[in-house]
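S.K.: Dropping in final_35.txt, which is compact mmCIF, C-alpha atoms and all ligand atoms:
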# COMPACT_ATOMS: atom_id res chain seq x y z
CA MET A 1 25.87 -18.11 2.33
CA LEU A 2 22.96 -16.61 0.38
CA GLN A 3 20.52 -18.97 -1.23
CA SER A 4 18.62 -18.03 -4.37
CA PHE A 5 15.12 -16.59 -4.00
CA LYS A 6 12.32 -19.14 -3.85
CA PRO A 7 8.93 -17.58 -4.60
CA ILE A 8 7.14 -19.58 -1.94
CA PHE A 9 3.92 -17.73 -1.35
CA SER A 10 3.37 -15.51 -4.36
CA CYS A 11 1.59 -17.64 -6.99
CA ASN A 12 -1.96 -17.98 -5.61
CA LEU A 13 -3.22 -14.65 -6.97
CA VAL A 14 -2.39 -15.41 -10.58
CA LEU A 15 -3.57 -19.02 -10.45
CA SER A 16 -6.96 -18.12 -9.02
CA ARG A 17 -7.83 -15.86 -11.95
CA SER A 18 -9.92 -16.92 -14.93
CA PHE A 19 -7.14 -16.57 -17.46
CA SER A 20 -8.90 -15.43 -20.65
CA GLY A 21 -11.05 -12.88 -18.76
CA TYR A 22 -7.94 -11.58 -17.06
CA VAL A 23 -5.98 -11.19 -20.30
CA SER A 24 -8.77 -9.33 -22.09
CA ARG A 25 -9.24 -7.04 -19.08
CA MET A 26 -5.53 -6.21 -18.95
CA ARG A 27 -5.44 -5.55 -22.72
CA TYR A 28 -8.45 -3.24 -22.36
CA LEU A 29 -6.79 -1.40 -19.48
CA MET A 30 -3.59 -1.06 -21.49
CA ARG A 31 -5.56 0.53 -24.33
CA LEU A 32 -7.30 2.96 -21.96
CA LYS A 33 -3.93 4.03 -20.53
CA GLU A 34 -2.63 5.04 -23.95
CA ASP A 35 -5.72 6.11 -25.90
CA ASP A 36 -7.16 9.41 -24.58
CA GLU A 37 -10.41 9.17 -26.55
CA ALA A 38 -11.09 5.57 -25.47
CA CYS A 39 -10.35 6.56 -21.86
CA ARG A 40 -12.80 9.50 -22.00
CA GLU A 41 -15.48 7.14 -23.35
CA ALA A 42 -14.74 4.55 -20.65
CA LEU A 43 -15.09 7.21 -17.97
CA LYS A 44 -18.67 7.91 -19.08
CA SER A 45 -19.74 4.36 -18.18
CA GLY A 46 -17.19 3.80 -15.41
CA LYS A 47 -17.12 4.40 -11.68
CA VAL A 48 -15.21 6.97 -9.65
CA LEU A 49 -13.71 6.85 -6.15
CA LEU A 50 -13.76 10.29 -4.53
CA TYR A 51 -10.99 11.65 -2.30
CA HIS A 52 -11.18 14.83 -0.25
CA LYS A 53 -7.64 16.08 0.49
CA LEU A 54 -6.52 12.48 -0.17
CA SER A 55 -9.07 10.90 2.23
CA PRO A 56 -11.27 8.34 0.44
CA LEU A 57 -15.08 8.45 0.56
CA LEU A 58 -16.58 5.49 2.45
CA ARG A 59 -20.18 4.38 2.65
CA LYS A 60 -21.95 1.99 5.00
CA THR A 61 -22.45 -1.51 3.60
CA SER A 62 -26.05 -2.51 2.74
CA SER A 63 -26.27 -4.51 6.00
CA GLY A 64 -25.18 -1.36 7.86
CA SER A 65 -22.61 -3.31 9.88
CA GLY A 66 -19.45 -2.05 8.15
CA TYR A 67 -17.98 0.30 5.57
CA LYS A 68 -16.75 0.01 2.01
CA LEU A 69 -15.13 2.28 -0.55
CA ALA A 70 -17.80 4.40 -2.27
CA SER A 71 -17.67 3.83 -6.00
CA LEU A 72 -19.94 6.33 -7.79
CA LYS A 73 -21.30 5.97 -11.30
CA THR A 74 -19.97 8.85 -13.41
CA SER A 75 -23.50 9.99 -14.31
CA ASP A 76 -24.50 10.06 -10.61
CA LEU A 77 -21.33 11.93 -9.72
CA GLU A 78 -22.04 14.58 -12.38
CA GLN A 79 -25.46 15.21 -10.82
CA ILE A 80 -23.93 15.43 -7.33
CA LEU A 81 -21.33 17.95 -8.55
CA GLU A 82 -24.04 20.13 -10.05
CA LYS A 83 -26.02 19.96 -6.79
CA VAL A 84 -23.00 21.25 -4.83
CA GLY A 85 -22.58 24.05 -7.36
CA LYS A 86 -19.65 22.67 -9.37
CA ASP A 87 -19.13 22.18 -13.08
CA LYS A 88 -19.83 18.51 -13.80
CA HIS A 89 -16.94 18.47 -16.27
CA ILE A 90 -14.39 18.25 -13.45
CA VAL A 91 -15.19 14.52 -13.65
CA ASN A 92 -12.81 14.51 -16.63
CA GLU A 93 -9.95 15.19 -14.20
CA SER A 94 -10.31 11.61 -12.87
CA PHE A 95 -7.41 9.17 -13.14
CA LEU A 96 -7.73 5.60 -14.38
CA LEU A 97 -7.11 2.96 -11.67
CA GLU A 98 -8.19 -0.47 -12.81
CA CYS A 99 -10.83 -2.54 -14.50
CA THR A 100 -13.02 -4.73 -12.26
CA ASP A 101 -13.92 -8.41 -12.83
CA LYS A 102 -17.14 -7.09 -14.39
CA ASP A 103 -15.10 -5.10 -16.96
CA GLU A 104 -15.99 -1.83 -15.24
CA PRO A 105 -13.21 0.79 -15.38
CA GLN A 106 -12.56 2.53 -12.04
CA PHE A 107 -11.18 6.03 -11.61
CA SER A 108 -10.16 8.31 -8.73
CA LEU A 109 -10.91 12.01 -8.38
CA GLU A 110 -9.65 14.61 -5.85
CA VAL A 111 -12.43 16.98 -4.74
CA GLY A 112 -10.52 18.72 -1.95
CA ASP A 113 -11.54 22.18 -3.11
CA LEU A 114 -15.27 21.39 -2.69
CA ASP A 115 -17.27 21.67 0.52
CA ARG A 116 -16.62 18.43 2.40
CA SER A 117 -19.83 18.15 4.40
CA ALA A 118 -22.05 19.11 1.44
CA LEU A 119 -20.42 16.35 -0.61
CA GLU A 120 -20.70 13.84 2.22
CA GLN A 121 -24.37 14.61 2.53
CA GLU A 122 -25.06 14.34 -1.22
CA CYS A 123 -23.01 11.13 -1.55
CA GLY A 124 -24.37 9.51 1.62
CA GLY A 125 -20.91 8.75 2.93
CA MET A 126 -17.92 10.21 4.73
CA PHE A 127 -14.31 11.01 3.87
CA VAL A 128 -11.96 9.10 6.16
CA ASP A 129 -8.19 9.38 6.60
CA LEU A 130 -6.63 6.47 4.67
CA ARG A 131 -4.85 4.89 7.66
CA LYS A 132 -8.15 4.82 9.54
CA ALA A 133 -10.05 3.69 6.45
CA PHE A 134 -7.84 0.58 6.23
CA PHE A 135 -9.28 -0.57 9.56
CA MET A 136 -12.85 -0.03 8.30
CA ILE A 137 -13.03 -1.34 4.73
CA PRO A 138 -12.81 -5.01 3.64
CA GLY A 139 -9.18 -6.16 3.21
CA PRO A 140 -9.45 -6.75 -0.58
CA GLU A 141 -10.41 -3.07 -1.07
CA SER A 142 -7.23 -1.75 0.62
CA PRO A 143 -4.92 -1.93 -2.44
CA LEU A 144 -7.41 0.01 -4.58
CA ALA A 145 -7.90 2.68 -1.88
CA ALA A 146 -4.10 3.00 -1.63
CA LYS A 147 -3.61 3.15 -5.39
CA GLY A 148 -6.27 5.83 -5.80
CA GLN A 149 -4.60 8.02 -3.21
CA ALA A 150 -1.08 7.36 -4.50
CA LEU A 151 -1.93 8.36 -8.06
CA LEU A 152 -3.67 11.56 -6.93
CA ARG A 153 -0.70 12.47 -4.73
CA TRP A 154 1.79 11.79 -7.52
CA HIS A 155 -0.06 14.08 -9.94
CA GLN A 156 -0.38 16.79 -7.29
CA THR A 157 3.38 16.78 -6.69
CA ASN A 158 4.55 16.42 -10.29
CA SER A 159 2.78 19.24 -12.04
CA PHE A 160 6.09 20.92 -12.99
CA CYS A 161 9.06 19.64 -14.97
CA SER A 162 12.16 19.29 -12.77
CA ALA A 163 14.40 20.19 -15.75
CA THR A 164 12.63 23.32 -17.07
CA GLY A 165 10.23 24.36 -14.30
CA GLN A 166 7.47 24.44 -16.92
CA PRO A 167 4.03 22.88 -16.22
CA THR A 168 3.65 19.20 -17.12
CA VAL A 169 0.50 17.97 -18.85
CA ARG A 170 -1.24 14.69 -18.04
CA ASN A 171 -2.64 12.23 -20.53
CA GLN A 172 -6.33 11.38 -20.07
CA SER A 173 -5.77 8.21 -18.04
CA GLY A 174 -3.12 9.83 -15.84
CA SER A 175 -0.57 7.10 -16.62
CA TYR A 176 2.04 9.80 -17.33
CA ARG A 177 2.74 13.56 -17.55
CA VAL A 178 4.72 15.31 -20.28
CA CYS A 179 6.71 18.53 -20.32
CA HIS A 180 6.19 19.90 -23.83
CA SER A 181 9.12 22.25 -23.39
CA SER A 182 11.76 19.58 -22.63
CA GLY A 183 9.94 16.58 -24.12
CA ILE A 184 10.44 14.65 -20.86
CA THR A 185 7.75 12.12 -19.97
CA TYR A 186 7.23 11.48 -16.25
CA TYR A 187 5.69 8.21 -15.05
CA PRO A 188 4.27 7.64 -11.53
CA LYS A 189 7.10 6.54 -9.23
CA MET A 190 7.44 4.29 -6.21
CA ALA A 191 10.50 3.94 -3.97
CA PRO A 192 11.60 0.30 -3.55
CA VAL A 193 11.80 -0.79 0.10
CA VAL A 194 12.95 -4.14 1.50
CA ILE A 195 11.19 -5.56 4.53
CA VAL A 196 12.56 -8.64 6.22
CA LEU A 197 11.56 -10.92 9.05
CA VAL A 198 14.77 -12.27 10.55
CA SER A 199 14.60 -15.58 12.42
CA ASP A 200 17.17 -17.56 14.43
CA GLY A 201 15.16 -20.75 13.97
CA SER A 202 12.99 -20.48 17.07
CA ARG A 203 12.56 -16.71 17.57
CA CYS A 204 11.98 -13.76 15.23
CA LEU A 205 13.44 -10.28 15.39
CA LEU A 206 11.13 -7.26 15.49
CA ALA A 207 11.99 -3.61 15.97
CA ARG A 208 10.30 -0.29 16.63
CA GLN A 209 11.02 3.30 15.65
CA ALA A 210 10.28 6.04 18.19
CA MET A 211 7.50 7.34 15.90
CA PHE A 212 5.58 3.99 15.89
CA PRO A 213 2.37 3.76 17.91
CA LYS A 214 3.03 2.70 21.51
CA GLY A 215 3.84 -1.03 21.85
CA MET A 216 3.97 -1.77 18.10
CA TYR A 217 6.97 -3.74 16.77
CA SER A 218 7.46 -4.52 13.07
CA ALA A 219 9.85 -6.36 10.74
CA LEU A 220 13.07 -4.54 9.75
CA SER A 221 12.73 -2.37 6.67
CA GLY A 222 14.67 0.13 4.61
CA PHE A 223 14.80 2.00 1.31
CA CYS A 224 16.93 0.46 -1.45
CA ASP A 225 19.92 2.55 -2.47
CA MET A 226 20.43 3.47 -6.11
CA GLY A 227 21.95 0.54 -8.01
CA GLU A 228 21.34 -2.05 -5.28
CA SER A 229 19.67 -5.45 -5.72
CA VAL A 230 16.97 -6.51 -3.27
CA GLU A 231 19.39 -9.02 -1.73
CA GLU A 232 22.09 -6.35 -1.24
CA ALA A 233 19.62 -3.86 0.24
CA LEU A 234 18.29 -6.45 2.63
CA LEU A 235 21.73 -7.53 3.86
CA ARG A 236 22.79 -3.91 4.28
CA GLU A 237 19.66 -2.83 6.15
CA VAL A 238 19.88 -5.70 8.65
CA ALA A 239 23.60 -4.99 9.19
CA GLU A 240 23.01 -1.23 9.60
CA GLU A 241 19.98 -1.40 11.86
CA VAL A 242 20.76 -4.34 14.17
CA GLY A 243 24.39 -5.32 13.41
CA LEU A 244 23.57 -8.87 12.23
CA GLU A 245 24.54 -10.82 9.11
CA VAL A 246 21.73 -12.80 7.49
CA GLU A 247 22.50 -16.16 5.90
CA ASP A 248 19.48 -17.25 3.94
CA LEU A 249 16.71 -15.37 2.13
CA GLN A 250 13.27 -16.40 0.97
CA TYR A 251 10.99 -14.12 -1.00
CA SER A 252 7.48 -13.83 0.43
CA GLY A 253 5.55 -11.17 -1.49
CA SER A 254 5.22 -7.50 -2.31
CA GLN A 255 2.91 -4.61 -1.60
CA HIS A 256 2.39 -1.05 -2.64
CA TRP A 257 2.61 1.10 0.51
CA PRO A 258 1.15 4.62 0.32
CA PHE A 259 2.64 6.10 3.55
CA PRO A 260 4.14 8.69 3.63
CA GLN A 261 4.81 8.53 -0.14
CA SER A 262 4.51 5.59 -2.53
CA SER A 263 6.85 2.74 -1.61
CA PHE A 264 7.10 -0.66 -3.20
CA MET A 265 7.58 -3.13 -0.35
CA LEU A 266 9.52 -6.30 -1.18
CA ALA A 267 9.06 -8.76 1.66
CA CYS A 268 11.42 -11.60 2.56
CA HIS A 269 12.20 -14.04 5.32
CA ALA A 270 15.81 -14.38 6.42
CA THR A 271 17.72 -16.45 8.95
CA VAL A 272 20.80 -15.80 11.08
CA ASN A 273 23.18 -18.27 12.69
CA PRO A 274 21.57 -19.14 16.08
CA ASP A 275 24.99 -18.65 17.71
CA LYS A 276 25.23 -15.05 16.42
CA THR A 277 22.05 -13.35 17.57
CA GLN A 278 23.40 -10.49 19.70
CA VAL A 279 21.74 -7.32 18.38
CA ASN A 280 23.58 -4.03 18.19
CA ILE A 281 20.91 -1.41 17.56
CA ASP A 282 21.42 1.71 15.45
CA LYS A 283 19.80 4.12 17.90
CA ALA A 284 19.49 6.86 15.30
CA GLU A 285 17.04 4.66 13.41
CA LEU A 286 15.47 2.33 15.97
CA GLU A 287 14.22 2.79 19.50
CA ASP A 288 14.36 -0.95 20.21
CA ALA A 289 14.87 -4.34 18.55
CA ARG A 290 14.19 -7.64 20.29
CA TRP A 291 13.87 -11.37 19.70
CA PHE A 292 10.33 -12.66 20.24
CA THR A 293 9.31 -16.25 20.94
CA TYR A 294 6.60 -18.15 19.06
CA GLU A 295 4.32 -17.85 22.12
CA GLU A 296 4.77 -14.06 22.28
CA ILE A 297 4.07 -13.74 18.55
CA THR A 298 0.92 -15.89 18.56
CA GLU A 299 -0.41 -13.91 21.51
CA ALA A 300 0.29 -10.61 19.70
CA LEU A 301 -1.45 -11.86 16.54
CA GLN A 302 -4.52 -12.73 18.60
CA ASN A 303 -4.53 -9.46 20.54
CA MET A 304 -4.56 -6.87 17.77
CA PRO A 305 -5.78 -3.47 19.02
CA ARG A 306 -9.24 -2.91 17.55
CA ASP A 307 -10.50 0.17 19.33
CA PRO A 308 -8.13 3.21 19.05
CA ARG A 309 -9.78 4.74 22.15
CA ARG A 310 -8.51 1.84 24.30
CA GLU A 311 -4.98 1.39 25.66
CA PRO A 312 -3.13 -0.92 23.19
CA PRO A 313 -1.50 -4.19 24.39
CA VAL A 314 2.07 -3.90 25.76
CA PHE A 315 3.33 -5.62 22.58
CA TRP A 316 1.49 -5.78 19.26
CA VAL A 317 2.30 -6.19 15.57
CA PRO A 318 1.21 -4.27 12.44
CA PRO A 319 -2.39 -4.83 11.26
CA SER A 320 -3.37 -7.25 8.50
CA TYR A 321 -3.25 -4.69 5.66
CA ALA A 322 0.52 -4.27 6.20
CA ILE A 323 2.82 -6.83 4.58
CA ALA A 324 4.78 -7.00 7.86
CA ASN A 325 1.74 -8.78 9.27
CA GLN A 326 1.86 -11.32 6.43
CA LEU A 327 5.52 -12.06 7.18
CA ILE A 328 4.80 -12.52 10.89
CA GLN A 329 1.78 -14.77 10.20
CA GLU A 330 3.85 -16.89 7.81
CA TRP A 331 6.64 -17.24 10.35
CA ALA A 332 4.15 -18.29 13.06
CA ASN A 333 2.53 -20.85 10.72
CA HIS A 334 5.93 -22.25 9.82
CA GLN A 335 6.88 -22.53 13.51
CA GLN A 336 3.60 -24.25 14.32
CA LEU A 337 4.19 -26.86 11.60
CA SER A 338 7.78 -27.47 12.62
CA ARG A 339 6.74 -28.01 16.25
CA LYS A 340 4.28 -30.82 15.42
N1 LIG B 401 3.77 -2.16 4.85
C1 LIG B 401 4.50 -2.54 5.87
O1 LIG B 401 4.27 -3.60 6.46
C2 LIG B 401 5.65 -1.67 6.34
C3 LIG B 401 6.38 -2.07 7.48
C4 LIG B 401 7.50 -1.30 7.84
C5 LIG B 401 7.86 -0.15 7.14
N2 LIG B 401 7.07 0.21 6.06
C6 LIG B 401 7.44 1.40 5.28
O2 LIG B 401 8.73 1.22 4.75
C7 LIG B 401 9.33 2.49 4.51
C8 LIG B 401 10.81 2.45 4.83
O3 LIG B 401 11.06 1.99 6.11
P1 LIG B 401 12.16 2.67 7.07
O4 LIG B 401 11.60 3.94 7.64
O5 LIG B 401 12.56 1.60 8.03
O6 LIG B 401 13.33 3.04 6.04
P2 LIG B 401 14.92 3.27 6.34
O7 LIG B 401 15.40 2.27 7.32
O8 LIG B 401 15.60 3.31 5.01
O9 LIG B 401 15.01 4.67 7.06
C9 LIG B 401 14.35 5.83 6.62
C10 LIG B 401 15.39 6.89 6.28
O10 LIG B 401 15.98 6.55 5.05
C11 LIG B 401 16.29 7.72 4.30
N3 LIG B 401 15.78 7.50 2.93
C12 LIG B 401 16.50 6.95 1.91
N4 LIG B 401 15.77 6.87 0.77
C13 LIG B 401 14.56 7.38 1.05
C14 LIG B 401 13.36 7.57 0.29
N5 LIG B 401 13.27 7.19 -1.00
N6 LIG B 401 12.26 8.08 0.91
C15 LIG B 401 12.33 8.44 2.21
N7 LIG B 401 13.44 8.29 2.98
C16 LIG B 401 14.55 7.77 2.42
C17 LIG B 401 15.72 8.90 5.07
O11 LIG B 401 16.79 9.50 5.76
C18 LIG B 401 14.78 8.25 6.08
O12 LIG B 401 14.72 8.94 7.30
C19 LIG B 401 8.54 3.50 5.37
O13 LIG B 401 7.85 4.36 4.48
C20 LIG B 401 7.55 2.65 6.14
O14 LIG B 401 6.29 3.30 6.24
C21 LIG B 401 6.00 -0.51 5.65
MG MG B 402 14.43 1.02 8.71
The structure given in the file should be rewritten as structure tokens.
Ligand SMILES: NC(=O)c1ccc[n+]([C@@H]2O[C@H](COP(=O)([O-])OP(=O)(O)OC[C@H]3O[C@@H](n4cnc5c(N)ncnc54)[C@H](O)[C@@H]3O)[C@@H](O)[C@H]2O)c1
Ligand SMILES: [Mg+2]
M.R.:
Amino acid sequence: MLQSFKPIFSCNLVLSRSFSGYVSRMRYLMRLKEDDEACREALKSGKVLLYHKLSPLLRKTSSGSGYKLASLKTSDLEQILEKVGKDKHIVNESFLLECTDKDEPQFSLEVGDLDRSALEQECGGMFVDLRKAFFMIPGPESPLAAKGQALLRWHQTNSFCSATGQPTVRNQSGSYRVCHSSGITYYPKMAPVVIVLVSDGSRCLLARQAMFPKGMYSALSGFCDMGESVEEALLREVAEEVGLEVEDLQYSGSQHWPFPQSSFMLACHATVNPDKTQVNIDKAELEDARWFTYEEITEALQNMPRDPRREPPVFWVPPSYAIANQLIQEWANHQQLSRK
């Protein structure tokens, strides 16, 4: 029997914000999305994240011990562009991302047609593949790095109208593209995906696809079909992939996931009857699916691979920037409490 969703972990973000500052920032952002002139003005005093063929620019932190996303003042970026022999006006091709706590609008710009090493030298940083960058930058910067890449990718792949084949034209912020021939407005899209950590009360079920890195197991996941609710998608995916019927669902949280295209991950916990835990794997989709004990999970959480040059542990779970990790951590915390 399905229980209704209980939003058990999702409120902290909103509650921790200073409310009036947050509202005015969101209203400002909303205006910039719609008002081309205001957006152009904001860009002049804003900051820009650079991407080279969708890899974000990182810089060393001031202590020199780590890396962070490089956020360049527009005026500095214009000078850099001129130094590498480019028209500084390409800055106007930037897309609006967000507005920081200090009311600073942030943009992203693709510079893949410029010389990579010349730019790296002028900017004092390096362009790093996004998957690798997630291991290098502070966790709170990951969503912005992902959003910057996702928006650039969406614009790159939506420059023509699918009805007329005519070019589409962006608004200044990049919040949509229009085909003036058909009048169709295109908005950036994400594909909804359910991800679920199934438990039988004392163990949790993790699976791996053949394409996963060696030894990595994750929660079950799958794209929602057209017309499906999250609950229906989740029940179907678990049935399809491992042949089990889940009984109880609890919402955990959500995440934008940029790989390989933009997905919107909706994460839940689910339980199965402890007497009906025999898995029947869909081998076309999964290489393996297994029940893991609390002890195995806590060990995996403590033994995350840190150095890609070293052999990974025999069993490990997705890194902290993936919502699968959040689900697994929550399950382990819940088990720990229930064992006291
Ligand atoms: N952030 C995380 O923690 C996390 C963890 C696991 C998976 N994921 C992501 O979830 C996504 C879906 O997971 P999955 O591979 O198990 O899905 P899945 O089980 O639905 O299987 C993928 C297959 O579904 C089909 N499909 C249907 N709609 C699709 C669409 N809109 N885009 C692409 N393929 C579609 C394709 O045939 C594809 O091969 C993947 O992109 C994966 O990277 C994220
Ligand atoms: Mg799947």
S.K.: May I have the residues within 10 Å of ligand MG 402 (chain B), computed using only C-alpha atoms and all ligand atoms, as a list in words?
M.R.: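 Protein and nucleic-acid residues within 10 Å of ligand MG 402 (chain B): Val193, Val194, Ile195, Ala207, Arg208, Gln209, Ser218, Ala219, Leu220, Ser221, Gly222, Phe223, Glu237, Val238, Glu240, Glu241, Val242, Asp282, Glu285 and Leu286 of chain A.
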S.K.: Would you work out the distance separating atom CA of Gly148 of chain A from atom CA of Phe264 of chain A, expressed in Å to one decimal?
M.R.: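 That distance, rounded to one decimal, is 15.1 Å.
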S.K.: For atom CA of Ile323 of chain A and atom CA of Leu69 of chain A, quote the distance in Å rounded to one decimal.
M.R.: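 One can read the atom CA of Ile323 of chain A to atom CA of Leu69 of chain A distance as 20.8 Å.
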S.K.: Nearest to Trp316 of chain A among A:Gly183, A:Pro258, A:Pro213, A:Pro56, with distances taken over all atoms listed in the file: which residue is it?
M.R.: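 Nearest candidate to Trp316 of chain A out of A:Gly183, A:Pro258, A:Pro213, A:Pro56: A:Pro213.
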S.K.: Kindly indicate which residue among A:His334, A:Arg310, A:Arg170, A:Lys340 lies nearest to Ser94 of chain A, using all atoms listed in the file for the distances.
M.R.: A:Arg170
S.K.: Determine the nearest neighbour of Gln250 of chain A from the options A:Leu337, A:Ala300, A:Leu197, A:Cys224, counting all atoms listed in the file.
M.R.: A:Leu197
